[in-house]
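Here the structure is laid out as structure tokens; the discussion comes afterwards.
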Amino acid sequence: MVGLIMSSINKNAAQIRASVVSNKRVGQYHQLIINIGDLAGVCKPGNFVAINVGGENSRMVLRRAFAISRVSVSATFGGTMELIVAPHGQGSKWLCQQNEGAVLDVVVPLGKAFGIPTEPVQVLLVGGGYGSAPLFGLAETLNTRGCRVDMLLGASTASKIYAPMEGKRAVNSLRIYTEDGSMGQRGRVTEPISELIKDLNIAVIYSCGPMAMLSAIDEITRGTDVVHQCAVEESMACGIGICMTCVLPVADESGNVSMLRSCIDGPVMDGSFVQWDKVGKAL
Amino acid sequence: MVGLIMSSINKNAAQIRASVVSNKRVGQYHQLIINIGDLAGVCKPGNFVAINVGGENSRMVLRRAFAISRVSVSATFGGTMELIVAPHGQGSKWLCQQNEGAVLDVVVPLGKAFGIPTEPVQVLLVGGGYGSAPLFGLAETLNTRGCRVDMLLGASTASKIYAPMEGKRAVNSLRIYTEDGSMGQRGRVTEPISELIKDLNIAVIYSCGPMAMLSAIDEITRGTDVVHQCAVEESMACGIGICMTCVLPVADESGNVSMLRSCIDGPVMDGSFVQWDKVGKAL
Amino acid sequence: MSVVDLSTTLGNAWFPAPTFTASGCASSGRELAQFFNLRDMGGVVTKSVMMKARTGRPTPRMAETPSGMLNSIGLQGPGIDAFIAKDIPYLLEQKARIIVSIAGETVEEYSTLARKLRSVSGISAIEVNISCPNVENRGLVFACDPEASRRVIDGVRRTIGGELPIIAKLSPDVTDLVSIARGVVEAGADALALINTVLGMVINIDTMRPHLGGKTGGLSGPAIRPIAVRAVYQVHAAMPQIPILGMGGISSGRDALEMIAAGASGVSIGTASFGNPTAIMTIQNELKELLAEKGFTSLRQVIGYAHRPESE
Amino acid sequence: MSVVDLSTTLGNAWFPAPTFTASGCASSGRELAQFFNLRDMGGVVTKSVMMKARTGRPTPRMAETPSGMLNSIGLQGPGIDAFIAKDIPYLLEQKARIIVSIAGETVEEYSTLARKLRSVSGISAIEVNISCPNVENRGLVFACDPEASRRVIDGVRRTIGGELPIIAKLSPDVTDLVSIARGVVEAGADALALINTVLGMVINIDTMRPHLGGKTGGLSGPAIRPIAVRAVYQVHAAMPQIPILGMGGISSGRDALEMIAAGASGVSIGTASFGNPTAIMTIQNELKELLAEKGFTSLRQVIGYAHRPESE
Ligand SMILES: Cc1cc2nc3c(=O)[nH]c(=O)nc-3n(C[C@H](O)[C@H](O)[C@H](O)COP(=O)(O)OP(=O)(O)OC[C@H]3O[C@@H](n4cnc5c(N)ncnc54)[C@H](O)[C@@H]3O)c2cc1C
Ligand SMILES: Cc1cc2nc3c(=O)[nH]c(=O)nc-3n(C[C@H](O)[C@H](O)[C@H](O)COP(=O)(O)OP(=O)(O)OC[C@H]3O[C@@H](n4cnc5c(N)ncnc54)[C@H](O)[C@@H]3O)c2cc1C
Ligand SMILES: Cc1cc2nc3c(=O)[nH]c(=O)nc-3n(C[C@H](O)[C@H](O)[C@H](O)COP(=O)(O)O)c2cc1C
Ligand SMILES: Cc1cc2nc3c(=O)[nH]c(=O)nc-3n(C[C@H](O)[C@H](O)[C@H](O)COP(=O)(O)O)c2cc1C
Ligand code: FES
Ligand code: FES
């Protein structure tokens, strides 16, 4: 197995008021660019942010978590981060309505980032739906480390595939799967993985998307030497490790399973330690 | 005592989506012009509106009531109404933040309007704080009936006096009182009333403002022939007569006191029937 | 859109739709009739009526709270005789279906109210609001006392005979709701209304005193919905054969469906009407659409659905 | 700004400020220390610790509700030994004042936990969370059973000796909160913590089943604040000499003042910290400013203020 550099958590997290630089519709998603100043410099691929939603008189008392898709530092706006938001329920819909100049209450950066290989290896990135968002920033980082990056993206339908032009530059190959065949190949994004592992001599798979996708990838990598770094998505009440709502059953080196907080011991986890069959069950 | 034409209640009320035409700061208040289309034609001085506040995800479940200050019909905007809103708590502050184009959920027109004299008589209008708002529209109506209209306005300080230029045209005289003397005379608006009643031979006093002011006017008119039409302001949960929160102790002709709903049996009431000493007490 | 049968029953009373006003949140019905036809909803549950006219509690009677409100009305009303003389004929004229809510200060008073109503025709059911202080027992609320609850319902049952369904309305402010529910069902209630408001208080930070004239008040609105859903679920789990009129914070078709899936056969809508005079009709329409979207053809199919094992 | 003395006491324990984390809403304290100094607030109330390590309830463990949330964590934790070995030393190192919350499944387990804590130095008080199912009595929650509540506190009192203040944390889900409060005070509680979460449920409209893995969960947040204020007011009215740690939906200095005026000597902040990691410090600062604005020079002047007659 390949060695990974893991970052320690939430050391740089801060609660800030951050203004929206732009809000653009991309397929069924909204791309939000948010000014976070110097904090952009300490965000790593896999980190997420927690945002207050609904404004001052909101009946929504909990923050919403969003994966940081990319960060950049520009002369005009200073440090910014990009989020890809699906208008799903009341909180995300509100966020998708925030336009240029709106000020958000943001805690950033949070959680464990993707582990980065200590040596240049072949890696496969697998994204489902908006789960592809953090993978493009990750691809760039991996590229600078000399890794060869191939990518698979899947979704139910074309408008739910997020694959920006600029992002593709960092990847060697990109294959798209949709369940209805409206873009790329018809089928599930997990179908070709087994073969690719062999063909491309993959050392690490990075994945982000629905839990069912992550668990299917784990099934494929189980028993192999391939490291599976997956970004999980559990309901989070606090995002900072104080509420214990976001737990997943994870084994330690000696096989003892405990309920780890996916906000603080994740969202990036080693897929082989997650007890996928026990998710949502009492231990 | 002079005869009054009373209007029947809520016959014309409708729930509509109405857009803000303009929002202008006037002293410590906001003047909001709202497009209500044809309903402007059925609003009478003394009617009020009930507005949803806080938007879609609001934790505020109750409407807020506002006196209709004036209505007008213009070629560009159709029928509009004007409100004078004091940014007080969370609901009114939210409303004061709504700018041109914002869409509000409004129930309009509500409540009993001011009774209008059947013959041309001398009347006195007394307003406290934003309570002056509906009095200017009323003054115009009274004018067209041939009444001579004098007006007294009071507030704690100059910035809480609402007295628009155009409004003054309909009144014969206007005197202003502030408690800190920052505008007009120093003192309470109720001080000169006794004298004015005699000097001007007042038949009806119309009042709108804090309950303490209304009750002080009642004390002055008690035992006289002067009719006191006052617009009361009690906490209202529904504004349409279904919750029984907005009640006031009011006597009927034979002296029996009952708790009347100020939203539907008011807000305009005959001050001499209101049992001011029993307000806020169990009967 | 496919046709969805929204009709429901509470005891032997049939209603074309499962949507009702909540007692005390529609006054006599006249005021809402300004905004929609009363006959278009399931029915009107009237304000709890007592023997004599009452002026109620001092103002302020309400305080808004996060996603809810407190009220302390204190059962202001005209008394049963005026109610029968004026309000019932009006509702009948509107062709509204009527559930009369009654409230008393003694066990005897409830029976007397029932006797007065027995001879009134056109009533679909009686809701017995037992969240009232029992003057014969240190003002302890009937609904908090299993024995007093039973006795009230027993008295009403005996007086009213076997025809008119009795709906016992319970308070959530109890340690063991299910045992109180069992008690009133054994005593003759055909259905249950859940939940009445939750006891609360707001202190006014300006006066530094309780804001309400009555000091404490009843909490209602979306804030209490999770408590109401739990109450309905618990009671339906214990007595699946007893119809429940569910209420507490319902303000959308989604909320109504949640309550029905928990076990309610009908829903009452209170506070939502204060914020939105047409709330009941909106909720009814949304519920119908939601059921159609999910492929259900009748309301009955979803009553208590949440109790089925996951596999179904 | 004039200086306001925010210090307060719970039993014989002194705190420089009246602001505490709520048990279960600050984990071990490390996570919040990222956002502010733990010693700057009144103190940390730790997550309820049990004898053995526990993995808790299945996920989903939370559901957002209007102005609130449901949780069903199921007391996940490392067990008392690991807690004493790891968490206490960390908090002491941070110079945080510590209130340890304990939870058991039997009366005996509470006493054993108290025995373990007796010899640990640096603890300010023990909060006894009796909102747990009693395995010896059909899983009936201790706090819903006056006799079991007493016995738990009595056992802890005997074990712990007379030094360490005992704070009994009660559930609002009871018919007669005051009598339960009286019982635990007679059994030796020096102070009371009010209120724990209110039992609730959310049904997921997609699956049409209870949303939480544990089916029911505890309702917290601003939605329940009026219930909490009422509970604190009622208990303070009955036993004005017993200090209360008030909680339930506090999210601003205004809310804290409301609770203190109702009778609380200190406040715990839970759900607000989820929405805002620095909530506790913001609330503490807002409270200080509010008191100064109103011309008070110390927190003690406003504890229970709302109980004074209007004329004062
Ligand atoms: C680590 C992490 C990263 C995420 N990244 C993204 C992203 O990049 N883009 C994006 O669109 N969304 C992302 N999400 C999901 C996002 O946080 C919200 O949950 C989602 O937008 C739905 O919230 P809502 O307010 O619209 O829905 P509501 O139904 O109003 O949500 C109610 C509550 O349930 C929770 N919830 C609902 N659905 C989910 C879900 N699928 N997963 C977790 N919690 C849920 C919400 O967080 C909220 O607390 C992420 C979640 C996590 C935990
Ligand atoms: C008939 C009538 C006419 C009114 N006309 C005007 C007007 O023209 N301009 C204006 O600025 N305001 C007017 N008000 C007051 C207005 O309805 C709001 O009460 C006020 O704006 C405070 O609401 P809030 O949301 O800002 O405060 P919050 O403190 O958030 O209000 C909480 C609750 O208390 C009620 N409340 C608070 N203060 C008052 C009060 N003084 N009177 C009655 N209820 C109160 C609110 O309606 C709300 O339900 C009127 C009220 C009534 C009943
Ligand atoms: C202003 C008001 C008055 C009420 N009056 C009564 C009443 O007279 N009788 C009764 O049984 N319930 C009464 N209730 C309780 C409601 O019928 C209902 O049980 C409760 O409000 C929960 O529903 P909601 O959240 O939809 O309002 C009243 C509630 C409110 C808000
Ligand atoms: C996620 C979560 C976990 C909790 N865990 C505990 C616990 O372990 N022990 C306890 O006594 N109370 C626990 N509580 C209850 C809180 O301490 C507090 O009594 C309640 O949440 C009300 O306060 P709030 O509205 O400020 O959150 C928990 C509450 C939440 C939301
Ligand atoms: S979201 Fe609160 S501990 Fe993870
Ligand atoms: S405000 Fe509801 S009856 Fe007047």
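Residues are referred to by chain and number: the chain letter is A, B, ... according to the order shown in the structure tokens, the number counts from 1 in that chain, and ligands are numbered separately from 1 in the order shown.
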
Output the contact residues of chain A with respect to chain D at a cut-off of 10 Å, based on only C-alpha atoms, as a ChimeraX atom specification. /A:9-15,50-53,57-64,105-107,234-249,257-260,264,278-283

For C-alpha atoms, I'd like the residues from the last selection saved as a short mmCIF file (atom, residue, chain, number, x, y, z; two decimals), in the first residue's frame.
```cif
data_model
loop_
_atom_site.label_atom_id
_atom_site.label_comp_id
_atom_site.auth_asym_id
_atom_site.auth_seq_id
_atom_site.Cartn_x
_atom_site.Cartn_y
_atom_site.Cartn_z
CA ILE A 9 -8.01 18.66 11.56
CA ASN A 10 -9.65 22.02 12.07
CA LYS A 11 -6.41 23.68 13.21
CA ASN A 12 -7.04 26.52 10.78
CA ALA A 13 -10.80 26.72 11.05
CA ALA A 14 -12.34 30.11 11.63
CA GLN A 15 -15.85 31.56 11.63
CA ALA A 50 -20.34 24.96 7.17
CA ILE A 51 -22.70 27.78 6.26
CA ASN A 52 -25.58 29.40 8.12
CA VAL A 53 -28.71 29.35 5.98
CA ASN A 57 -34.92 35.26 11.13
CA SER A 58 -34.39 31.74 9.89
CA ARG A 59 -36.19 28.80 11.41
CA MET A 60 -33.23 26.65 10.28
CA VAL A 61 -30.94 26.41 13.27
CA LEU A 62 -28.24 24.20 11.79
CA ARG A 63 -25.45 24.94 9.35
CA ARG A 64 -25.19 23.16 6.04
CA ASP A 105 -21.65 33.29 7.90
CA VAL A 106 -19.10 30.57 7.10
CA VAL A 107 -16.89 28.25 9.16
CA GLU A 234 -23.54 11.90 6.73
CA SER A 235 -26.14 14.29 8.18
CA MET A 236 -24.21 16.81 10.27
CA ALA A 237 -25.76 19.01 12.93
CA CYS A 238 -22.61 20.91 13.94
CA GLY A 239 -19.80 20.08 11.50
CA ILE A 240 -17.17 20.67 14.18
CA GLY A 241 -17.25 17.51 16.27
CA ILE A 242 -19.47 18.47 19.20
CA CYS A 243 -22.81 16.79 18.50
CA MET A 244 -22.09 13.14 17.57
CA THR A 245 -24.82 12.99 14.95
CA CYS A 246 -22.57 12.33 11.93
CA VAL A 247 -21.04 9.05 13.00
CA LEU A 248 -20.03 6.06 10.91
CA PRO A 249 -18.90 2.63 12.05
CA VAL A 257 -15.28 -0.96 15.42
CA SER A 258 -16.29 2.39 16.83
CA MET A 259 -18.58 5.18 15.76
CA LEU A 260 -16.38 7.93 14.37
CA ILE A 264 -13.84 15.53 12.27
CA LYS A 278 -23.18 -1.57 9.52
CA VAL A 279 -23.97 1.98 8.42
CA GLY A 280 -27.36 2.99 9.85
CA LYS A 281 -27.48 -0.01 12.18
CA ALA A 282 -26.93 -0.27 15.92
CA LEU A 283 -23.52 -1.80 16.68
#
```

Just the residues within 6 Å of Pro18 in chain D, please, counting only C-alpha atoms, with nothing from its chain fewer than 6 positions along; format it as a ChimeraX atom specification. /D:8,42,266-267

Given only C-alpha atoms, how would the per-residue table for chain D near chain C read, listing every residue at most 6 Å away with its closest atom pair and distance in Å to one decimal, sorted by chain and number, as CSV?
```
residue,atom,partner,partner_atom,distance
D:Pro66,CA,C:Ala223,CA,5.5
D:Ser67,CA,C:Ser67,CA,5.9
D:Asp173,CA,C:Thr175,CA,5.7
D:Val174,CA,C:Thr175,CA,4.0
D:Thr175,CA,C:Val174,CA,4.0
D:Gly200,CA,C:Ile227,CA,4.4
D:Met201,CA,C:Arg230,CA,4.7
D:Val202,CA,C:Pro226,CA,5.7
D:Ile203,CA,C:Glu258,CA,5.7
D:Met208,CA,C:Ala306,CA,5.4
D:Arg209,CA,C:Ala306,CA,4.3
D:Pro222,CA,C:Pro66,CA,5.9
D:Ala223,CA,C:Ala223,CA,4.7
D:Pro226,CA,C:Gly200,CA,4.6
D:Ile227,CA,C:Gly200,CA,4.4
D:Val229,CA,C:Met201,CA,5.8
D:Arg230,CA,C:Met201,CA,4.7
D:Glu258,CA,C:Ile203,CA,5.7
D:Ala306,CA,C:Arg209,CA,4.3
```

Which one is closest to chain B: A:Ser69, A:Ser254, A:Ser92, A:Gln122? Count only C-alpha atoms.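 Once distances to chain B are computed over only C-alpha atoms, the minimum belongs to A:Ser92.
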
Please identify which residues in range 75-134 of chain A DSSP calls alpha helix (DSSP H) from the backbone, and express them as a list in words. Gln90, Gly91, Ser92, Lys93, Trp94, Leu95, Cys96, Ala133 and Pro134 of chain A

Could you name the residues that touch Thr112 in chain C at 9 Å or less, counting only C-alpha atoms, but leaving out those on the same chain fewer than 3 positions away, as a ChimeraX atom specification? /C:51,107-109,115-117,156,159

Could you pull the residues within 6 Å of Val71 in chain B, counting only C-alpha atoms, minus those fewer than 3 positions along the same chain, as a ChimeraX atom specification? /B:40,80-81

Kindly save the residues from that selection, with N, CA and C atoms included, as a PDB file, in the first residue's frame.
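Below you can see part05.pdb, which holds the result:
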```
ATOM      1  N   ALA B  40     -57.000  48.980  -3.718  1.00  0.00           N
ATOM      2  CA  ALA B  40     -56.809  50.345  -3.223  1.00  0.00           C
ATOM      3  C   ALA B  40     -58.145  51.084  -3.193  1.00  0.00           C
ATOM      4  N   THR B  80     -52.051  51.823  -5.275  1.00  0.00           N
ATOM      5  CA  THR B  80     -51.020  51.576  -4.265  1.00  0.00           C
ATOM      6  C   THR B  80     -51.509  52.019  -2.904  1.00  0.00           C
ATOM      7  N   MET B  81     -50.862  51.465  -1.874  1.00  0.00           N
ATOM      8  CA  MET B  81     -51.124  51.978  -0.529  1.00  0.00           C
ATOM      9  C   MET B  81     -49.801  52.378   0.079  1.00  0.00           C
TER      10      MET B  81
END
```

Taking 4 positions as the minimum chain separation for residues in the same chain, which residues sit within 6 Å of range 129-146 of chain B when counting only C-alpha atoms? Answer as a VMD selection string. chain B and resid 45 68 to 70 120 155 160 to 161 167 170 208 to 209

Residue contacts of Gly11 in chain D (8 Å, only C-alpha atoms) excluding same-chain residues fewer than 5 positions away, as a JSON list (two decimals) with C-alpha atoms, in the first residue's frame:
```
[["chain", "number", "residue", "atom", "x", "y", "z"],
["D", 165, "PRO", "CA", -22.56, 19.86, 44.56],
["D", 166, "ILE", "CA", -25.05, 17.55, 42.90],
["D", 190, "ASP", "CA", -28.07, 20.91, 45.69],
["D", 191, "ALA", "CA", -29.23, 22.29, 42.37],
["D", 243, "PRO", "CA", -30.20, 27.13, 42.27]]
```

So how far away is CA of Ser207 in chain B from CA of Val123 in chain B, in Å?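 Distance between the two atoms: 10.7 Å.
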